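Participant: Below is the file structure_16.cif, with mmCIF, C-alpha atoms.
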data_entry
loop_
_atom_site.label_atom_id
_atom_site.label_comp_id
_atom_site.auth_asym_id
_atom_site.auth_seq_id
_atom_site.Cartn_x
_atom_site.Cartn_y
_atom_site.Cartn_z
CA MET A 1 34.43 -21.36 23.70
CA THR A 2 31.60 -22.65 21.54
CA ASP A 3 28.15 -21.07 21.32
CA LEU A 4 26.84 -23.96 23.42
CA GLY A 5 29.51 -23.37 26.07
CA GLU A 6 28.82 -19.64 26.13
CA PHE A 7 25.09 -20.20 26.52
CA LEU A 8 25.62 -22.62 29.43
CA ARG A 9 28.08 -20.25 31.11
CA VAL A 10 25.82 -17.19 30.80
CA ARG A 11 22.79 -19.05 32.10
CA ARG A 12 24.79 -20.52 35.00
CA ALA A 13 26.08 -17.08 35.95
CA ALA A 14 22.53 -15.71 36.01
CA LEU A 15 21.44 -18.07 38.81
CA GLN A 16 22.28 -17.66 42.49
CA PRO A 17 22.44 -20.56 44.99
CA ALA A 18 19.27 -19.33 46.69
CA ASP A 19 17.42 -19.47 43.37
CA VAL A 20 17.81 -23.26 43.24
CA GLY A 21 17.58 -24.07 46.93
CA LEU A 22 21.29 -24.19 47.71
CA ARG A 23 23.16 -22.44 50.49
CA GLY A 24 26.07 -20.29 49.45
CA TYR A 25 29.29 -20.61 51.43
CA GLY A 26 32.07 -18.04 51.30
CA ALA A 27 32.94 -15.40 48.76
CA ARG A 28 32.60 -16.20 45.07
CA ARG A 29 35.13 -15.04 42.53
CA VAL A 30 32.56 -15.13 39.72
CA PRO A 31 28.80 -14.43 39.76
CA GLY A 32 26.23 -17.16 39.84
CA LEU A 33 26.53 -20.86 40.48
CA ARG A 34 29.78 -22.79 40.42
CA ARG A 35 30.20 -25.44 37.74
CA GLU A 36 30.11 -28.24 40.27
CA GLU A 37 26.83 -26.93 41.69
CA ARG A 38 25.22 -26.81 38.28
CA ALA A 39 26.56 -30.28 37.46
CA MET A 40 25.14 -31.66 40.71
CA LEU A 41 21.69 -30.20 40.00
CA ALA A 42 21.74 -31.70 36.49
CA GLY A 43 22.94 -35.10 37.71
CA VAL A 44 26.16 -35.13 35.67
CA SER A 45 29.78 -35.13 36.71
CA ALA A 46 31.52 -31.81 37.26
CA THR A 47 34.24 -32.86 34.80
CA TYR A 48 31.74 -33.62 32.05
CA TYR A 49 29.86 -30.37 32.62
CA ALA A 50 33.13 -28.41 32.51
CA ARG A 51 33.98 -30.04 29.16
CA LEU A 52 30.59 -28.99 27.80
CA GLU A 53 31.15 -25.37 28.80
CA GLN A 54 34.67 -25.44 27.37
CA GLY A 55 33.49 -26.87 24.05
CA LEU A 56 35.54 -30.02 24.54
CA SER A 57 32.64 -32.47 24.54
CA ALA A 58 30.02 -32.97 21.84
CA ASN A 59 27.06 -35.26 21.21
CA ALA A 60 25.46 -34.85 24.62
CA SER A 61 22.44 -37.12 24.93
CA GLU A 62 18.94 -35.66 24.94
CA ALA A 63 18.52 -36.86 28.52
CA VAL A 64 21.56 -34.86 29.59
CA LEU A 65 20.38 -31.80 27.68
CA ASP A 66 16.93 -32.06 29.26
CA ALA A 67 18.54 -32.31 32.70
CA LEU A 68 20.65 -29.23 31.99
CA ALA A 69 17.59 -27.32 30.76
CA ARG A 70 15.75 -28.12 34.00
CA ALA A 71 18.76 -27.27 36.15
CA LEU A 72 19.23 -23.96 34.34
CA GLU A 73 15.49 -23.25 34.60
CA LEU A 74 15.20 -22.65 30.85
CA ASP A 75 11.86 -21.80 29.27
CA ALA A 76 10.59 -23.52 26.12
CA ASP A 77 12.37 -21.19 23.68
CA GLU A 78 15.64 -21.41 25.61
CA ARG A 79 15.45 -25.20 25.79
CA ALA A 80 14.89 -25.38 22.02
CA HIS A 81 17.88 -23.09 21.54
CA LEU A 82 20.03 -25.32 23.77
CA LEU A 83 19.09 -28.36 21.69
CA THR A 84 19.85 -26.47 18.47
CA LEU A 85 23.30 -25.45 19.70
CA ALA A 86 24.07 -28.99 20.82
CA ARG A 87 22.84 -30.62 17.62
CA THR A 88 24.16 -28.22 14.97
CA PRO A 89 27.43 -29.59 13.56
CA ALA A 90 30.32 -27.30 12.72
CA ARG A 91 30.43 -26.66 8.98
CA ARG A 92 32.76 -24.87 6.64
CA ARG A 93 31.79 -21.25 6.38
CA SER A 94 30.63 -20.04 3.01
CA ARG A 95 29.23 -16.85 1.60
CA PRO A 96 25.56 -17.58 0.93
CA ARG A 97 23.68 -16.06 -1.94
CA PRO A 98 21.42 -13.11 -1.08
CA ASP A 99 17.91 -14.09 -0.07
CA THR A 100 15.15 -13.34 -2.54
CA ILE A 101 11.43 -12.76 -2.32
CA ARG A 102 9.12 -14.76 -4.54
CA SER A 103 7.06 -12.71 -6.96
CA GLY A 104 3.94 -14.41 -5.61
CA MET A 105 4.71 -13.25 -2.08
CA LEU A 106 5.33 -9.74 -3.35
CA ARG A 107 1.98 -9.71 -5.16
CA LEU A 108 0.29 -11.03 -2.03
CA ILE A 109 1.42 -8.21 0.24
CA GLU A 110 0.74 -5.65 -2.51
CA SER A 111 -2.83 -6.96 -2.72
CA MET A 112 -3.32 -6.02 0.95
CA PRO A 113 -2.96 -2.22 0.79
CA ASP A 114 -4.85 -1.71 4.06
CA THR A 115 -2.48 -3.93 6.07
CA PRO A 116 1.14 -2.94 6.67
CA ALA A 117 3.37 -5.85 5.66
CA VAL A 118 7.14 -6.38 5.65
CA VAL A 119 9.00 -9.48 4.44
CA LEU A 120 12.30 -10.19 6.22
CA GLY A 121 15.10 -12.54 5.25
CA ARG A 122 17.02 -14.85 7.55
CA ARG A 123 19.27 -12.03 8.81
CA SER A 124 16.42 -9.55 9.37
CA GLU A 125 17.12 -7.81 6.07
CA VAL A 126 14.07 -6.39 4.28
CA LEU A 127 13.23 -8.39 1.16
CA GLY A 128 10.06 -6.47 0.39
CA TRP A 129 7.24 -4.41 1.82
CA ASN A 130 4.00 -2.92 0.68
CA ALA A 131 3.47 0.84 0.62
CA LEU A 132 1.86 1.00 4.06
CA GLY A 133 4.45 -1.28 5.66
CA HIS A 134 7.24 0.89 4.26
CA ARG A 135 5.66 4.09 5.49
CA LEU A 136 4.98 2.64 8.93
CA VAL A 137 8.48 1.32 9.77
CA ALA A 138 10.95 3.07 7.45
CA GLY A 139 9.41 5.89 5.46
CA HIS A 140 12.72 7.79 5.53
CA LEU A 141 14.37 5.12 3.35
CA PRO A 142 13.97 4.66 -0.43
CA PHE A 143 10.92 2.55 -1.19
CA ALA A 144 12.78 0.40 -3.75
CA SER A 145 15.83 -0.31 -1.57
CA PRO A 146 14.83 -3.92 -0.69
CA HIS A 147 15.14 -4.89 -4.38
CA ARG A 148 18.83 -3.95 -4.52
CA PRO A 149 20.71 -6.48 -2.36
CA ALA A 150 23.61 -4.12 -1.67
CA GLU A 151 21.21 -1.45 -0.31
CA ARG A 152 18.72 -3.61 1.58
CA PRO A 153 17.76 -2.20 4.96
CA ASN A 154 18.37 -4.52 7.90
CA MET A 155 15.84 -4.03 10.67
CA THR A 156 18.24 -5.00 13.46
CA ARG A 157 20.98 -2.71 12.15
CA LEU A 158 18.48 0.13 11.81
CA LEU A 159 17.21 -0.39 15.35
CA PHE A 160 20.66 0.05 16.88
CA LEU A 161 22.45 2.35 14.44
CA ASP A 162 19.78 4.51 12.75
CA ALA A 163 18.53 7.53 14.70
CA HIS A 164 15.20 7.70 12.84
CA THR A 165 14.38 4.07 13.64
CA ARG A 166 15.45 4.45 17.25
CA GLU A 167 13.06 7.38 17.69
CA LEU A 168 10.22 5.35 16.16
CA TYR A 169 9.92 3.05 19.18
CA GLN A 170 8.57 4.47 22.41
CA ARG A 171 9.85 1.41 24.29
CA TRP A 172 13.17 1.08 22.55
CA ASP A 173 14.69 -1.08 25.29
CA ASP A 174 11.93 -3.67 24.89
CA GLU A 175 12.32 -3.64 21.11
CA ALA A 176 16.10 -4.04 21.40
CA GLN A 177 15.72 -7.00 23.77
CA ARG A 178 13.27 -8.62 21.37
CA ALA A 179 15.52 -8.05 18.37
CA VAL A 180 18.62 -9.52 20.03
CA SER A 181 16.64 -12.49 21.37
CA SER A 182 15.41 -13.27 17.86
CA LEU A 183 18.86 -12.79 16.34
CA ARG A 184 20.31 -15.26 18.88
CA VAL A 185 17.83 -17.88 17.70
CA LEU A 186 18.75 -17.23 14.06
CA ALA A 187 22.47 -17.37 14.81
CA GLY A 188 22.04 -20.69 16.62
CA ARG A 189 20.33 -22.18 13.59
CA SER A 190 22.92 -20.87 11.10
CA PRO A 191 26.38 -20.97 12.73
CA ASP A 192 28.06 -21.12 9.31
CA ASP A 193 26.45 -17.94 7.95
CA ASP A 194 29.27 -15.46 7.36
CA GLU A 195 26.95 -12.52 6.69
CA LEU A 196 25.13 -13.09 9.96
CA THR A 197 28.46 -13.31 11.80
CA GLN A 198 29.57 -10.06 10.17
CA LEU A 199 26.32 -8.36 11.19
CA VAL A 200 26.80 -9.41 14.81
CA GLY A 201 30.42 -8.23 14.71
CA GLU A 202 29.48 -4.87 13.23
CA LEU A 203 26.77 -4.24 15.80
CA THR A 204 28.98 -5.39 18.68
CA VAL A 205 31.66 -2.89 17.69
CA GLN A 206 29.37 0.04 16.84
CA SER A 207 26.69 -0.31 19.51
CA PRO A 208 27.62 -0.81 23.19
CA GLU A 209 23.94 -1.48 23.87
CA PHE A 210 23.88 -4.33 21.38
CA ALA A 211 27.15 -5.72 22.75
CA ARG A 212 25.76 -5.71 26.29
CA LEU A 213 22.55 -7.45 25.27
CA TRP A 214 24.32 -9.97 23.04
CA ALA A 215 26.64 -10.97 25.89
CA ARG A 216 23.61 -11.90 28.01
CA HIS A 217 22.60 -14.48 25.37
CA PRO A 218 18.84 -13.80 25.51
CA VAL A 219 16.69 -16.22 23.52
CA ALA A 220 13.06 -15.88 22.46
CA VAL A 221 10.97 -16.73 19.43
CA CYS A 222 8.83 -13.63 18.89
CA VAL A 223 5.79 -14.40 16.73
CA SER A 224 3.32 -11.82 18.02
CA GLY A 225 3.07 -8.83 20.28
CA THR A 226 2.53 -5.10 20.36
CA LYS A 227 4.82 -2.26 19.35
CA GLN A 228 4.40 1.22 20.81
CA LEU A 229 5.39 3.66 18.07
CA ARG A 230 6.00 7.38 17.92
CA HIS A 231 5.56 7.93 14.22
CA PRO A 232 7.04 11.09 12.67
CA GLU A 233 3.85 11.73 10.68
CA ASP A 234 1.05 10.39 12.87
CA GLY A 235 2.35 10.60 16.42
CA ASP A 236 1.87 7.90 19.04
CA LEU A 237 0.14 4.66 18.12
CA ALA A 238 0.11 1.03 19.21
CA VAL A 239 0.24 -1.68 16.56
CA ALA A 240 -0.06 -5.41 17.02
CA PHE A 241 2.21 -7.60 14.93
CA GLU A 242 1.94 -11.19 13.76
CA VAL A 243 4.83 -13.12 12.23
CA LEU A 244 4.13 -15.78 9.60
CA THR A 245 6.85 -18.14 8.38
CA PRO A 246 6.49 -19.76 4.93
CA PRO A 247 6.64 -23.54 5.42
CA ASP A 248 9.07 -23.99 2.52
CA ASP A 249 11.41 -21.20 3.66
CA PRO A 250 11.86 -21.18 7.45
CA GLY A 251 14.56 -18.52 7.23
CA SER A 252 12.25 -15.76 5.97
CA ARG A 253 9.19 -14.36 7.68
CA VAL A 254 6.36 -11.94 7.00
CA LEU A 255 5.35 -9.30 9.54
CA PHE A 256 1.78 -8.02 9.43
CA TYR A 257 0.73 -5.02 11.53
CA SER A 258 -2.71 -3.94 12.68
CA ALA A 259 -4.39 -1.62 15.16
CA GLU A 260 -7.31 -2.29 17.47
CA PRO A 261 -10.50 -1.08 15.71
CA ALA A 262 -12.15 2.15 16.85
CA THR A 263 -9.06 3.39 18.69
CA PRO A 264 -6.82 6.43 18.19
CA SER A 265 -4.16 4.03 16.86
CA ALA A 266 -6.59 2.77 14.20
CA ALA A 267 -7.38 6.36 13.21
CA ALA A 268 -3.68 7.15 12.98
CA LEU A 269 -3.10 4.09 10.79
CA ASP A 270 -5.97 5.21 8.54
CA LEU A 271 -4.31 8.60 8.09
CA LEU A 272 -1.03 6.91 7.26
CA ARG A 273 -2.84 4.66 4.79
CA CYS A 274 -4.31 7.66 2.99
CA GLY A 275 -0.87 9.19 2.69
CA SER A 276 0.72 6.02 1.37
CA VAL A 277 -1.94 5.58 -1.27
CA ALA A 278 -1.60 9.17 -2.42
CA GLY A 279 2.14 9.60 -2.24
CA LEU A 280 4.02 6.40 -3.10
CA PRO A 281 4.55 4.58 -6.39
CA ALA A 282 3.59 0.97 -6.90
CA GLN A 283 6.28 -1.51 -5.89
CA THR A 284 8.12 -3.15 -8.74
CA LEU A 285 10.73 -5.87 -8.95
CA ALA A 286 14.26 -4.77 -9.74
#
Represent the structure of the file as structure tokens.

Facilitator:
Amino acid sequence: MTDLGEFLRVRRAALQPADVGLRGYGARRVPGLRREERAMLAGVSATYYARLEQGLSANASEAVLDALARALELDADERAHLLTLARTPARRRSRPRPDTIRSGMLRLIESMPDTPAVVLGRRSEVLGWNALGHRLVAGHLPFASPHRPAERPNMTRLLFLDAHTRELYQRWDDEAQRAVSSLRVLAGRSPDDDELTQLVGELTVQSPEFARLWARHPVAVCVSGTKQLRHPEDGDLAVAFEVLTPPDDPGSRVLFYSAEPATPSAAALDLLRCGSVAGLPAQTLA
């Protein structure tokens, strides 16, 4: 089954007849709507819809994809993901070169010592961070590790497999859902990325929680929000995050964190800032 077929199947299984105004008759061997019901709601033949789910039909028209998105009650992010899966051609897999961070980007985040900043690559690996960003999200790891490709921390791997990172998030379940939803979007855009496929395989094998979430095929583009942290040095604090994507490198992204002024979280971030200025060396390129 293709990624497109899996996405259609999972979304179909998540809907019940009553959700879309249909009456259910008799026992169902599988959860959710039947293929013929979903096809009817989308205005396509049951045979054609079955071929889409089975990965036997490609080049669906935009009108058909729009009809499927409406029938599956997809939100904007999920519809965009559906279009990506349907439009991305199969390519020969290759081992891509490690992502890099531009020296200008590194200097930029270093010039903002009062704002925690982390630069992530296309697979959620850390390409760079400033002192405060490092201390906020991964102070237990070597500061220089992002500059050695073989040792780069991966924020999704840390979230599911690293005990220190897991304890950092008060609402770990929400953070896990957000991470898997973002990784699904990235995987849809880069189906030929061997390293991304290996990451998903590793997490599926080593983390039952990741495997369960991944099987649900959640999709969301997370560009802002709030993280509730339980920091080992400063205790509980809430930080807002904003994600910026460089226009010439849509695979990487920069996370900036902040706290609401005049709040206990802002005071805690100030204490962390003082510690990072006093105790960490300046970041240098390897």

Participant: Box in all listed atoms of stretch 69-74 of chain A, axis-aligned, with 3 Å more on each side; write out centre and edge lengths in Å to one decimal as JSON.

Facilitator:
{"center_x": 17.2, "center_y": -25.4, "center_z": 33.5, "size_x": 10.0, "size_y": 11.5, "size_z": 11.4}

Participant: Starting from the shown file, work through the PyMOL selection byres ((chain A and resi 134-143) around 9) and note down what comes out as a ChimeraX atom specification.

Facilitator: /A:116-118,128-133,144-146,153,164-165,168,231,269,272-273,275-276,280-281,283

Participant: If you apply the PyMOL selection byres ((chain A and resi 30-39) around 7) to this file, what residues do you get, as a list in words?

Facilitator: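 Written out, the selection comes to Arg12, Ala13, Ala14, Leu15, Gln16, Pro17, Arg28, Arg29, Met40, Leu41, Ala42, Gly43, Val44, Ser45, Ala46, Tyr49, Ala50 and Ala71 of chain A.
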
Participant: Enumerate, as number ranges by chain, the residues matched when the PyMOL selection byres ((chain A and resi 155-161) around 12) is run on the file above.

Facilitator: A: 118-127, 134, 137-138, 140-141, 146, 152-154, 162-169, 171-184, 196, 198-211, 213, 255

Participant: For A:Ser103, which residue out of A:Leu74, A:His147, A:Ser57, A:Leu229 is the nearest one, using all atoms listed in the file?

Facilitator: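 Residue with the minimum atom-to-atom distance to A:Ser103: A:His147.
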
Participant: I want to know what sits within 9 Å of A:Glu78, based on all atoms listed in the file, with residues of the same chain fewer than 5 positions away left out; could you give that as an MDAnalysis selection string?

Facilitator: chainID A and resid 69 83 185 218:220

Participant: Could you dump the residues just selected with C-alpha atoms as an mmCIF file, keeping the file's coordinate frame?

Facilitator:
data_model
loop_
_atom_site.group_PDB
_atom_site.id
_atom_site.type_symbol
_atom_site.label_atom_id
_atom_site.label_comp_id
_atom_site.auth_asym_id
_atom_site.auth_seq_id
_atom_site.Cartn_x
_atom_site.Cartn_y
_atom_site.Cartn_z
ATOM 1 C CA ALA A 69 17.590 -27.320 30.760
ATOM 2 C CA LEU A 83 19.090 -28.360 21.690
ATOM 3 C CA VAL A 185 17.830 -17.880 17.700
ATOM 4 C CA PRO A 218 18.840 -13.800 25.510
ATOM 5 C CA VAL A 219 16.690 -16.220 23.520
ATOM 6 C CA ALA A 220 13.060 -15.880 22.460
#

Participant: Please indicate the distance in Å from atom CA of A:Ser190 to atom CA of A:Leu108, rounded to one decimal place.

Facilitator: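 A separation of 28.0 Å between them.
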
Participant: Pick from A:Arg11, A:Arg102, A:His81, A:Arg230: nearest to A:Ser252, with all atoms listed in the file counted?

Facilitator: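 The answer is A:Arg102, which sits nearest to A:Ser252.
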
Participant: Need to verify the contact set: A:Thr115, 7 Å, only C-alpha atoms, exclusion of same-chain residues closer than 2 positions in sequence. Can you return it as a ChimeraX atom specification?

Facilitator: /A:112-113,117,132,256-258

Participant: Write a file for stretch 48-60 of chain A, containing all heavy atoms (output as a compact mmCIF listing (two decimals), in the first residue's frame).

Facilitator:
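Result file follows (selection-v5.txt):
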# COMPACT_ATOMS: atom_id res chain seq x y z
N TYR A 48 -12.87 2.66 -8.56
CA TYR A 48 -11.79 3.64 -8.67
C TYR A 48 -11.26 3.99 -7.28
O TYR A 48 -10.04 4.07 -7.08
CB TYR A 48 -12.29 4.89 -9.37
CG TYR A 48 -11.24 5.97 -9.51
CD1 TYR A 48 -10.11 5.77 -10.31
CD2 TYR A 48 -11.36 7.18 -8.84
CE1 TYR A 48 -9.14 6.75 -10.43
CE2 TYR A 48 -10.39 8.17 -8.95
CZ TYR A 48 -9.28 7.95 -9.76
OH TYR A 48 -8.32 8.91 -9.88
N TYR A 49 -12.15 4.17 -6.31
CA TYR A 49 -11.70 4.50 -4.96
C TYR A 49 -10.86 3.36 -4.39
O TYR A 49 -9.83 3.59 -3.75
CB TYR A 49 -12.89 4.80 -4.04
CG TYR A 49 -12.45 5.15 -2.65
CD1 TYR A 49 -12.01 6.43 -2.35
CD2 TYR A 49 -12.44 4.20 -1.63
CE1 TYR A 49 -11.57 6.76 -1.08
CE2 TYR A 49 -12.00 4.51 -0.36
CZ TYR A 49 -11.58 5.79 -0.09
OH TYR A 49 -11.13 6.11 1.17
N ALA A 50 -11.30 2.11 -4.63
CA ALA A 50 -10.54 0.96 -4.13
C ALA A 50 -9.14 0.93 -4.74
O ALA A 50 -8.16 0.63 -4.05
CB ALA A 50 -11.28 -0.34 -4.45
N ARG A 51 -9.02 1.27 -6.02
CA ARG A 51 -7.70 1.30 -6.66
C ARG A 51 -6.82 2.38 -6.05
O ARG A 51 -5.60 2.18 -5.90
CB ARG A 51 -7.85 1.51 -8.16
CG ARG A 51 -8.45 0.30 -8.90
CD ARG A 51 -8.63 0.60 -10.38
NE ARG A 51 -7.36 0.87 -11.02
CZ ARG A 51 -6.51 -0.06 -11.46
NH1 ARG A 51 -6.81 -1.34 -11.31
NH2 ARG A 51 -5.37 0.27 -12.03
N LEU A 52 -7.41 3.51 -5.67
CA LEU A 52 -6.63 4.56 -5.01
C LEU A 52 -6.08 4.06 -3.68
O LEU A 52 -4.90 4.27 -3.35
CB LEU A 52 -7.49 5.80 -4.80
CG LEU A 52 -7.75 6.71 -6.00
CD1 LEU A 52 -8.73 7.81 -5.63
CD2 LEU A 52 -6.45 7.32 -6.53
N GLU A 53 -6.92 3.43 -2.89
CA GLU A 53 -6.47 2.93 -1.59
C GLU A 53 -5.41 1.84 -1.74
O GLU A 53 -4.51 1.71 -0.92
CB GLU A 53 -7.65 2.38 -0.78
CG GLU A 53 -8.40 3.44 -0.01
CD GLU A 53 -9.19 2.87 1.15
OE1 GLU A 53 -9.02 1.67 1.46
OE2 GLU A 53 -9.98 3.62 1.74
N GLN A 54 -5.53 1.04 -2.80
CA GLN A 54 -4.59 -0.06 -3.01
C GLN A 54 -3.31 0.37 -3.72
O GLN A 54 -2.41 -0.44 -3.91
CB GLN A 54 -5.29 -1.15 -3.82
CG GLN A 54 -6.43 -1.82 -3.08
CD GLN A 54 -7.33 -2.61 -4.00
OE1 GLN A 54 -7.15 -2.63 -5.22
NE2 GLN A 54 -8.32 -3.29 -3.43
N GLY A 55 -3.23 1.65 -4.08
CA GLY A 55 -2.04 2.14 -4.76
C GLY A 55 -1.94 1.71 -6.20
O GLY A 55 -0.86 1.73 -6.80
N LEU A 56 -3.07 1.35 -6.80
CA LEU A 56 -3.08 0.86 -8.17
C LEU A 56 -3.48 1.93 -9.18
O LEU A 56 -3.49 1.68 -10.38
CB LEU A 56 -4.06 -0.33 -8.30
CG LEU A 56 -3.75 -1.53 -7.40
CD1 LEU A 56 -4.82 -2.59 -7.55
CD2 LEU A 56 -2.37 -2.10 -7.74
N SER A 57 -3.82 3.11 -8.70
CA SER A 57 -4.22 4.19 -9.60
C SER A 57 -3.49 5.46 -9.20
O SER A 57 -3.39 5.78 -8.02
CB SER A 57 -5.73 4.41 -9.54
OG SER A 57 -6.13 5.42 -10.45
N ALA A 58 -2.94 6.14 -10.17
CA ALA A 58 -2.20 7.38 -9.92
C ALA A 58 -2.81 8.51 -10.75
O ALA A 58 -3.71 8.30 -11.57
CB ALA A 58 -0.73 7.20 -10.26
N ASN A 59 -2.29 9.71 -10.55
CA ASN A 59 -2.70 10.87 -11.33
C ASN A 59 -4.19 11.19 -11.17
O ASN A 59 -4.88 11.54 -12.14
CB ASN A 59 -2.38 10.66 -12.81
CG ASN A 59 -0.90 10.45 -13.05
OD1 ASN A 59 -0.06 11.09 -12.43
ND2 ASN A 59 -0.57 9.52 -13.94
N ALA A 60 -4.69 11.09 -9.95
CA ALA A 60 -6.06 11.52 -9.69
C ALA A 60 -6.17 13.02 -9.95
O ALA A 60 -5.27 13.79 -9.62
CB ALA A 60 -6.47 11.20 -8.26
